[in-house]
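Notes for the one structure printed next.
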Amino acid sequence: MYGRLQTREIAALVAILAFGCLLPYAAPEYFVYLGNSLMMYAILALGLDLLLGWSGQFAFAHIAFFGVGIYGTAILQQRYGLPFLVSMPISAAAAGMLGWLIAWPSTRLRSVYLALATYAFAECAQWVFRTWDSVTKGSDGLRISPTAIFGYVINSDQRAFPVVAILLCLVVLSLQYLTKSKLGRHLCAIRDSEHVAAASGIDVRQVKITAFTLSAVYAGIAGGVYVLFQSFVNPDVLGASQLVLVLTMVVVGGSGSLIGVTLGVVVVGLLPEVLRLAPSTLLVWQEFVYGLILVLVVMFMPRGLWGVMNKWFAPKPAMALNASTKTDGDTVDAQEVGR
Amino acid sequence: MLFLLPQAIASGIVTGCVYALIALAIVIVFKSTDVVNFAGGELVMIGAYIGLLCIVYFGARYDVMVVVVLAAMILIGCLFQRITLEKITGRRFSASVDLVPLVVATIGFSYMLKGIVRIFPYTEEVRRLPPLVSGAPIFIGPVILQWQDVAILVATMLVMGLLTYFFQFSESGKALRATSQNPRAAALSGIPVARMRMLAWALASAISGLAGILLAPKLLMTPDMGGVVMLAFAAAIVGGFTSLPGAVVGGIVIGIVQNVIGVLMTPQAISVTPFFIIMVVLVLRPQGLFGDIIALKKV
């Protein structure tokens with residue numbers, strides 16, 4: 001652990017918790033549902049960013065582990081009557097195990113090859129979910145029955161909301177510790193240069209495998225969250241478009257930063273809602289506008305929205321370049337090592 | 001079942017040729033600009049729709065249509081490279097390739113192309129492009145070939161021949177190869193790198209557009225037909241991802257394997273075949289059949 005949690009990082013956690021306890025009573029049902037799915041996407045995107053932004057591994061298998069989390073939690077609950085607090089960790093662990101298995105061959109690959117291999121794995125997983133009728137009910141979809149935690153029955157979005165908020169808090173807290181830990185530093189070093197990382201005594205392969213596994217666990221947790229507030233799952237949820245959505249959130253917000261990714265989740269997640277307000281004659285442009293926004297963001301905001309905001313608020317212009325690795329003055333900046 | 005095998009292999013070779021064309025486009029772009037073109041399938045789709053527009057709306061002749069499609073595709077490819085990708089590659093501050101923004105840009109581009117086609121209500125129905133050549137099918141032993149299949153085979157061989165000539169003998173082709181091997185050294189020896197990258201995109205888009213025209217009469221036309229790009233990715237991976245002959249061989253292999261699996265196993269397995277092949281090849285032999293050994297770029 002290098003450096004303590006800063007006040008604003010703790011404030012973020014408190015804000016999520018307060019938001020989670022108060023919003024369900026103040027907002028209409030639809031907003032609560034939207035909030036739930038945004039928080040689920042936040043867990044998913046933060047987990048993906050652990051690989052993409054922190055360790056520089058361009059891996060696409062995330063959505064498969066999300067599927068393992070969903071189906072694992074739902075099936076353990078329905079077939080074996082396990083409570084959520086048992087079934088969710090088991091599925092997250094299963095997703096982690098699968099991630100670990102995938103990491104062994106994947107860590108031999110780099111850049112494009114890694115991206116294509118993991119993407120292919122995600123597609124294969126979707127195919128398994130679709131064809132394994134006896135377990136997943138195939139493309140007809142699986143109905144998810146309401147669950148309960150210590151007698152607290154979760155049968156509506158309102159009741160699910162605080163639980164989802166608490167889970168998101170735990171995820172954010174763990175990531176805040178993780179990114180400040182030795183492992184987090186190792187990840188940044190590998191992202192900036194594998195050669196230098198290896199020469200500095202970092203076991204590159206082992207660290208990559210750990211990152212893969214952890215990222216899969218987070219995806220599994222996101223799957224558990226899905227089960228909490230949704231009542232139906234179908235393999236179509238686990239397709240490439242979903243993956244692109246999460247990737248967009250990470251890139252638009254600003255990868256390699258917890259706040260940036262969260263910002264991206266909120267902005268990209270609310271984008272369809274905003275576009276829906278447009279007059280219906282313009283509705284056909286929706287897909288085009290979505291693509292245009294993606295292209296413009298990578299063209300003009302290389303560090304995402306958060307990078308732009310940092311540039312505005314930073315006292316020195318030089319800060320903006322290093323926005324992704326905020327470090328304390330007295331410790332070694334991993335990015336500097338990489339150069 | 002076995003009596004279907006020769007026909008399956010023959011149609012596999014034909015569809016494989018189309019995959020090979022798309023794979024060639026992807027490999028050319030990757031080799032010369034380090035971009036993995038996830039919009040490759042949408043380029044095929046837009047080529048087919050431009051062809052449809054020419055024939056149905058303007059009533060153009062087929063040869064005029066082919067020329068218009070190729071010109072439009074070259075324009076689209078050049079503009080995308082010049083406006084978007086050049087901007088992203090231009091700010092690279094280290095030796096490492098900034099893969100993520102480039103890939104996200106092509107994904108965004110693919111959504112834009114799909115979105116443009118969806119704007120027209122005309123594309124909501126499934127359309128079909130008339131074949132390039134029609135006539136009574138040809139019987140060769142147990143195999144039946146349509147004239148369109150013959151056209152595809154001929155067109156693929158023509159493209160391969162032209163590409164070989166271009167890369168081996170022409171000056172721009174050699175300059176393009178130099179650019180892909182070492183952009184900095186190429187720039188120092190007076191090769192206009194930015195223009196060479198545009199040339200690569202122009203070539204790739206034109207080949208994709210051609211593949212679109214050839215594929216559209218065989219396949220149902222929808223704005224989602226770009227999904228065919230995964231088969232091309234599989235073909236490129238089998239061929240090693242950096243080798244042009246590899247892409248062609250890979251395309252034909254994928255076409256045959258896909259059809260044979262459809263005949264011998266369940267048709268359900270067809271959709272997952274390319275992904276399975278990508279995974280197996282990358283795990284067991286990452287350099288594919290013809291690719292170079294993948295080396296980590298130095299700091």
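Labels for the structure tokens follow display order: chains A, B, ..., residues from 1 in each chain, ligands from 1.
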
* To do: Might you pull out every residue within 10 Å of Pro183 (chain B), with only C-alpha atoms counted and same-chain residues fewer than 3 positions away left off, and present them as a ChimeraX atom specification?
  => /B:32-33,176-180,186-189,191-194,196-197

Interface, chain B side, toward chain A (6 Å; only C-alpha atoms) as an mmCIF file with C-alpha atoms, in the first residue's frame:
```
data_model
loop_
_atom_site.group_PDB
_atom_site.id
_atom_site.type_symbol
_atom_site.label_atom_id
_atom_site.label_comp_id
_atom_site.auth_asym_id
_atom_site.auth_seq_id
_atom_site.Cartn_x
_atom_site.Cartn_y
_atom_site.Cartn_z
ATOM 1 C CA ILE B 88 -4.732 9.522 -33.519
ATOM 2 C CA PRO B 101 -7.930 4.266 -29.427
ATOM 3 C CA ALA B 105 -12.081 4.507 -33.703
ATOM 4 C CA GLY B 108 -17.080 3.892 -33.962
ATOM 5 C CA PHE B 109 -16.622 4.058 -37.736
ATOM 6 C CA TYR B 111 -21.411 2.132 -36.101
ATOM 7 C CA MET B 112 -21.442 5.249 -38.272
ATOM 8 C CA GLY B 115 -26.202 4.007 -38.841
ATOM 9 C CA ILE B 119 -31.381 5.958 -41.872
ATOM 10 C CA PHE B 275 -14.143 -18.179 -33.186
ATOM 11 C CA MET B 279 -8.718 -19.497 -30.371
#
```

* What residues in region 55-280 of chain A get the DSSP label helix (DSSP H, G or I)? Please answer as JSON, numbers by chain. -> {"A": [62, 63, 64, 65, 66, 67, 68, 69, 70, 71, 72, 73, 74, 75, 76, 77, 78, 79, 80, 84, 85, 86, 87, 88, 89, 90, 91, 92, 93, 94, 95, 96, 97, 98, 99, 100, 101, 102, 103, 104, 105, 106, 111, 112, 113, 114, 115, 116, 117, 118, 119, 120, 121, 122, 123, 124, 125, 126, 127, 128, 129, 130, 131, 133, 134, 135, 136, 138, 139, 140, 157, 158, 159, 160, 161, 162, 163, 164, 165, 166, 167, 168, 169, 170, 171, 172, 173, 174, 175, 176, 177, 178, 179, 180, 182, 183, 184, 185, 186, 187, 188, 189, 190, 191, 192, 194, 195, 196, 197, 198, 199, 204, 205, 206, 207, 208, 209, 210, 211, 212, 213, 214, 215, 216, 217, 218, 219, 220, 221, 222, 223, 224, 225, 226, 227, 228, 229, 235, 236, 237, 238, 240, 241, 242, 243, 244, 245, 246, 247, 248, 249, 250, 251, 252, 253, 258, 259, 260, 261, 262, 263, 264, 265, 266, 267, 268, 269, 270, 271, 272, 273, 274, 275, 276, 280]}

* Can you pull out every residue within 6 Å of region 208-218 of chain B, counting only C-alpha atoms, but drop anything in the same chain fewer than 2 positions away, and send it as JSON, numbers by chain? => {"B": [18, 22, 43, 44, 45, 47, 48, 128, 129, 130, 131, 205, 206]}
